[in-house]
$ cat target-v1.cif   # mmCIF, C-alpha atoms
data_my_file
loop_
_atom_site.label_atom_id
_atom_site.label_comp_id
_atom_site.auth_asym_id
_atom_site.auth_seq_id
_atom_site.Cartn_x
_atom_site.Cartn_y
_atom_site.Cartn_z
CA MET A 138 131.91 64.45 103.44
CA PRO A 139 133.36 61.23 104.95
CA ILE A 140 135.50 59.16 102.60
CA LYS A 141 133.17 56.17 103.09
CA GLU A 142 130.17 58.24 102.02
CA GLN A 143 131.99 59.48 98.95
CA PHE A 144 132.96 55.93 98.10
CA ALA A 145 129.39 54.69 98.62
CA ARG A 146 128.07 57.43 96.33
CA VAL A 147 130.53 56.50 93.58
CA TRP A 148 129.63 52.80 93.93
CA LEU A 149 125.91 53.56 93.92
CA ILE A 150 126.03 55.71 90.79
CA THR A 151 128.37 53.27 89.03
CA MET A 152 126.16 50.29 89.88
CA LEU A 153 122.99 52.08 88.79
CA VAL A 154 124.45 53.25 85.49
CA THR A 155 126.32 50.07 84.52
CA TYR A 156 123.59 47.63 85.50
CA PHE A 157 120.87 49.77 83.94
CA ALA A 158 122.90 49.64 80.72
CA TYR A 159 123.54 45.91 81.15
CA PHE A 160 119.93 44.91 81.70
CA SER A 161 118.73 47.28 78.98
CA ALA A 162 121.12 45.52 76.62
CA VAL A 163 119.87 42.12 77.83
CA VAL A 164 116.26 43.11 77.14
CA VAL A 165 117.00 44.74 73.77
CA VAL A 166 119.32 42.02 72.46
CA GLY A 167 117.22 39.17 73.88
CA GLU A 168 118.37 35.60 73.36
CA THR A 169 121.86 35.60 71.90
CA THR A 170 125.00 33.46 71.89
CA PRO A 171 126.68 32.59 75.22
CA LEU A 172 129.77 34.49 74.08
CA ASN A 173 127.74 37.69 73.60
CA GLN A 174 126.06 37.23 76.98
CA ILE A 175 129.39 36.77 78.74
CA GLY A 176 130.85 39.66 76.73
CA MET A 177 128.10 42.04 77.94
CA PHE A 178 128.60 40.97 81.52
CA ALA A 179 132.40 41.26 81.24
CA ALA A 180 132.09 44.76 79.76
CA THR A 181 129.90 45.81 82.70
CA ALA A 182 132.36 44.40 85.21
CA VAL A 183 135.36 46.03 83.48
CA VAL A 184 133.68 49.47 83.45
CA GLN A 185 132.92 49.08 87.15
CA VAL A 186 136.49 48.10 88.00
CA ILE A 187 137.91 51.06 86.05
CA VAL A 188 135.55 53.65 87.59
CA ILE A 189 135.98 52.34 91.14
CA GLY A 190 139.76 52.05 90.69
CA ILE A 191 140.07 55.68 89.57
CA ALA A 192 137.70 56.90 92.30
CA SER A 193 139.62 54.98 94.99
CA ALA A 194 142.93 56.42 93.84
CA VAL A 195 141.56 59.99 93.82
CA MET A 196 140.02 59.60 97.29
CA GLU A 197 143.19 58.07 98.67
CA ILE A 198 145.18 61.10 97.49
CA ARG A 199 142.59 63.60 98.78
CA HIS A 200 142.29 61.99 102.23
CA LYS A 201 145.93 61.30 102.96
CA GLU A 202 145.90 62.66 106.50
CA GLY A 203 143.75 61.83 109.50
CA PRO A 204 141.71 58.74 110.30
CA LYS A 205 139.86 57.47 107.23
CA THR A 206 137.21 55.44 109.01
CA ASP A 207 135.93 55.20 112.54
CA GLU A 208 133.19 53.59 114.63
CA ARG A 209 130.40 55.52 112.89
CA ASP A 210 131.52 54.34 109.45
CA GLN A 211 131.71 50.75 110.70
CA LEU A 212 128.29 50.83 112.33
CA ILE A 213 126.64 52.33 109.26
CA ASP A 214 128.35 49.76 107.06
CA GLN A 215 127.25 46.90 109.33
CA ARG A 216 123.63 48.02 109.37
CA ALA A 217 123.44 48.49 105.60
CA THR A 218 125.18 45.16 104.98
CA ARG A 219 122.72 43.35 107.27
CA VAL A 220 119.71 44.64 105.31
CA ALA A 221 121.35 43.87 101.95
CA TYR A 222 122.30 40.37 103.15
CA HIS A 223 118.70 39.46 103.97
CA LEU A 224 117.54 40.85 100.65
CA LEU A 225 120.18 38.80 98.84
CA ILE A 226 119.23 35.62 100.71
CA CYS A 227 115.54 36.05 99.78
CA ALA A 228 116.44 36.72 96.14
CA MET A 229 118.79 33.72 96.05
CA ILE A 230 116.06 31.43 97.41
CA VAL A 231 113.87 32.51 94.50
CA VAL A 232 116.68 32.21 91.94
CA GLY A 233 118.23 28.99 93.21
CA CYS A 234 115.25 27.08 94.59
CA LEU A 235 112.21 28.21 92.61
CA MET A 236 113.39 29.44 89.21
CA PRO A 237 114.97 26.13 88.09
CA PHE A 238 111.49 24.55 88.01
CA ASN A 239 110.16 27.01 85.41
CA ASN A 240 113.21 28.59 83.80
CA SER A 241 116.64 27.60 82.66
CA GLY A 242 120.00 28.83 81.41
CA TRP A 243 120.54 32.54 80.95
CA LYS A 244 117.28 33.58 82.61
CA ILE A 245 118.54 32.15 85.88
CA PHE A 246 121.95 33.74 85.31
CA HIS A 247 120.40 37.18 84.70
CA ALA A 248 118.14 36.80 87.71
CA ALA A 249 121.14 35.95 89.88
CA VAL A 250 123.11 38.94 88.57
CA PHE A 251 120.07 41.16 89.12
CA SER A 252 119.75 39.93 92.72
CA ILE A 253 123.39 40.64 93.47
CA ALA A 254 123.25 44.07 91.82
CA LEU A 255 120.03 44.92 93.67
CA ALA A 256 121.51 43.91 97.03
CA GLU A 257 124.60 46.02 96.37
CA ILE A 258 122.53 49.01 95.23
CA VAL A 259 120.37 48.75 98.35
CA ARG A 260 123.50 48.49 100.51
CA TYR A 261 125.19 51.58 99.09
CA GLY A 262 121.88 53.45 98.97
CA LEU A 263 121.37 52.78 102.67
CA ILE A 264 124.91 53.85 103.49
CA VAL A 265 124.43 57.17 101.70
CA SER A 266 121.02 57.64 103.31
CA MET A 267 122.30 56.91 106.82
CA TYR A 268 125.11 59.44 106.42
CA ARG A 269 122.67 62.11 105.18
CA ARG A 270 119.70 61.40 107.42
CA GLY A 271 121.77 60.70 110.48
CA TRP A 272 121.61 57.71 112.71
CA ASP A 273 121.55 57.87 116.46
CA GLY A 274 121.29 54.13 117.06
CA MET B 105 107.06 55.71 128.02
CA ALA B 106 108.42 59.17 127.31
CA LYS B 107 110.75 59.23 124.35
CA LYS B 108 114.25 60.14 125.38
CA ARG B 109 117.33 61.00 123.42
CA LEU B 110 120.94 61.90 123.93
CA ARG B 111 121.73 65.59 123.98
CA THR B 112 125.15 67.12 123.96
CA ASN B 113 126.79 70.46 124.56
CA LEU B 114 129.96 69.33 122.88
CA ARG B 115 130.05 72.35 120.60
CA LEU B 116 129.97 74.74 123.55
CA THR B 117 132.50 72.68 125.49
CA ARG B 118 134.80 72.68 122.49
CA PHE B 119 134.37 76.43 122.09
CA LEU B 120 135.19 77.04 125.74
CA SER B 121 138.26 74.86 125.42
CA ASN B 122 140.35 77.37 123.44
CA GLU B 123 138.03 77.01 120.44
CA MET B 124 139.30 73.56 119.65
CA THR B 125 138.46 72.55 116.08
CA GLN B 126 136.40 69.47 115.19
CA ALA B 127 139.36 68.04 113.33
CA GLU B 128 141.66 68.52 116.32
CA LEU B 129 139.18 66.90 118.69
CA GLY B 130 138.56 64.05 116.28
CA GLU B 131 142.27 63.42 115.99
CA ARG B 132 142.66 63.31 119.77
CA ILE B 133 140.00 60.67 120.27
CA GLY B 134 140.56 58.75 117.02
CA VAL B 135 137.47 59.60 115.00
CA THR B 136 136.95 61.66 111.86
CA ARG B 137 135.97 65.33 111.82
CA GLN B 138 132.67 64.33 110.24
CA THR B 139 131.82 62.10 113.20
CA ILE B 140 132.40 64.98 115.63
CA ALA B 141 130.13 67.12 113.45
CA ALA B 142 127.48 64.37 113.44
CA ILE B 143 127.63 64.05 117.25
CA GLU B 144 127.26 67.81 117.65
CA ALA B 145 124.32 67.88 115.25
CA GLY B 146 122.60 65.06 117.14
CA LYS B 147 122.83 62.80 114.11
CA TYR B 148 124.96 60.18 115.79
CA SER B 149 125.17 58.81 119.33
CA PRO B 150 128.77 57.82 120.05
CA THR B 151 129.77 54.56 121.68
CA LEU B 152 130.38 54.59 125.41
CA GLU B 153 134.11 54.39 124.81
CA THR B 154 134.14 57.45 122.55
CA ALA B 155 131.91 59.35 124.98
CA PHE B 156 134.37 58.66 127.80
CA ARG B 157 137.27 59.68 125.56
CA LEU B 158 135.52 62.96 124.82
CA ALA B 159 134.95 63.60 128.49
CA ASP B 160 138.56 62.75 129.18
CA VAL B 161 139.82 65.30 126.64
CA PHE B 162 137.94 68.12 128.38
CA LYS B 163 138.62 66.71 131.88
CA LYS B 164 134.91 66.82 132.66
CA PRO B 165 132.44 64.22 133.91
CA LEU B 166 130.47 62.49 131.18
CA GLU B 167 127.12 63.97 132.25
CA GLU B 168 128.42 67.47 131.68
CA ILE B 169 128.92 66.72 128.01
CA PHE B 170 126.05 64.30 127.37
CA GLN B 171 122.57 64.41 128.85
CA TRP B 172 119.77 61.86 128.61
CA GLU B 173 116.74 64.09 128.11
CA THR B 174 113.10 63.70 127.23
CA GLU B 175 112.48 64.69 123.65
CA SER B 176 110.65 68.00 123.47
CA ARG B 177 107.77 68.20 121.00
CA PRO B 178 106.44 71.41 119.48
CA LYS B 179 103.16 72.49 121.11
CA ARG B 180 100.01 72.48 119.00
CA GLU B 181 98.17 75.77 118.90
#
$ encode --input "target-v1.cif" --output "structure tokens"
Amino acid sequence: MPIKEQFARVWLITMLVTYFAYFSAVVVVGETTPLNQIGMFAATAVVQVIVIGIASAVMEIRHKEGPKTDERDQLIDQRATRVAYHLLICAMIVVGCLMPFNNSGWKIFHAAVFSIALAEIVRYGLIVSMYRRGWDG
Amino acid sequence: MAKKRLRTNLRLTRFLSNEMTQAELGERIGVTRQTIAAIEAGKYSPTLETAFRLADVFKKPLEEIFQWETESRPKRE
């Protein structure tokens, strides 16, 4: 399995697990103090950094020799990033231009975080799918 | 318009070239072993530059390794 695919799988699983936990906590806890809200988000980010850091180190050791990435990896990454970018732009228009008229504060913050997480999940999901399904474009 | 796709006999060419491994071939043209496997499986169409590099490794014209063929569909009984 290409190193980029392995990395995408780790990112995808990490994002799904951590953000599912984060948004579950947001729904369960509901309105709380700003410190708690920031604390939950910081905990999510720290878990992500730790998991990705360990995974990167392991993959770096396992794939010491040979080229790590090539044209196929770059093309797959570009295509997935393009789709995720458009998704993120649409979500940001909703969050930044429409939500402020009806919502405020943490709701907008959570919507923004959700948009970013969704775009990233879609990106890594597409990368994994393109490696598995194949892509002759 | 008839649907066409790139076909390759890279696996056979590699086999006839002293059974060169995918890793060895990938190293010679600067791509990963997985990309060679994807090209052979028809899951990835290489860039023109990589296709020429492949042809250059085997000292063969490009059209001997890659063919632009009409996609065959299974016949309905």
$ closest_residue --input "target-v1.cif" --among "B:Arg109, B:Arg157, B:Arg118, B:Lys163" --to "chain A" --atoms "only C-alpha atoms"
B:Arg109
$ residues_around --input "target-v1.cif" --residues "Gly190 of chain A" --least-positions-apart "6" --cutoff "12 Å" --atoms "only C-alpha atoms" --output "PyMOL selection string"
chain A and resi 144+147-148+151+182-184+196-197
$ resolve_selection --input "target-v1.cif" --expression "the PyMOL selection byres ((chain B) within 6 of (chain A))" --output "PyMOL selection string"
chain B and resi 135-136+147-149
$ write_last_selection --input "target-v1.cif" --atoms "C-alpha atoms" --output "JSON list (two decimals), in the coordinates of the input"
[["chain", "number", "residue", "atom", "x", "y", "z"],
["B", 135, "VAL", "CA", 137.47, 59.60, 115.00],
["B", 136, "THR", "CA", 136.95, 61.66, 111.86],
["B", 147, "LYS", "CA", 122.83, 62.80, 114.11],
["B", 148, "TYR", "CA", 124.96, 60.18, 115.79],
["B", 149, "SER", "CA", 125.17, 58.81, 119.33]]
$ closest_residue --input "target-v1.cif" --among "B:Ala145, B:Thr117, B:Ala127, B:Gln138" --to "Val161 of chain B" --atoms "all atoms listed in the file"
B:Thr117
$ resolve_selection --input "target-v1.cif" --expression "the PyMOL selection byres ((chain A and resi 152) around 10)" --output "JSON, numbers by chain"
{"A": [146, 147, 148, 149, 150, 151, 153, 154, 155, 156, 157, 158, 181, 182, 184, 185, 254, 255, 257, 258, 261]}
$ residues_around --input "target-v1.cif" --residues "Ala221 of chain A" --least-positions-apart "6" --cutoff "8 Å" --atoms "all atoms listed in the file" --output "list in words"
Ala256, Glu257, Val259 and Arg260 of chain A
$ resolve_selection --input "target-v1.cif" --expression "the PyMOL selection byres ((chain A and resi 225) around 9)" --output "VMD selection string"
chain A and resid 220 to 224 226 to 230 252 to 253 255 to 257
$ closest_residue --input "target-v1.cif" --among "B:Gln171, B:Ser121, B:Asn113, B:Gln126" --to "Thr139 of chain B" --atoms "only C-alpha atoms"
B:Gln126
$ atom_distance --input "target-v1.cif" --atom1 "atom CA of Ala141 of chain B" --atom2 "atom CA of Glu173 of chain B"
20.1 Å
$ residues_around --input "target-v1.cif" --residues "Glu175 of chain B" --least-positions-apart "3" --cutoff "9 Å" --atoms "all atoms listed in the file" --output "list in words"
Ala106, Lys107, Lys108, Arg109 and Leu110 of chain B
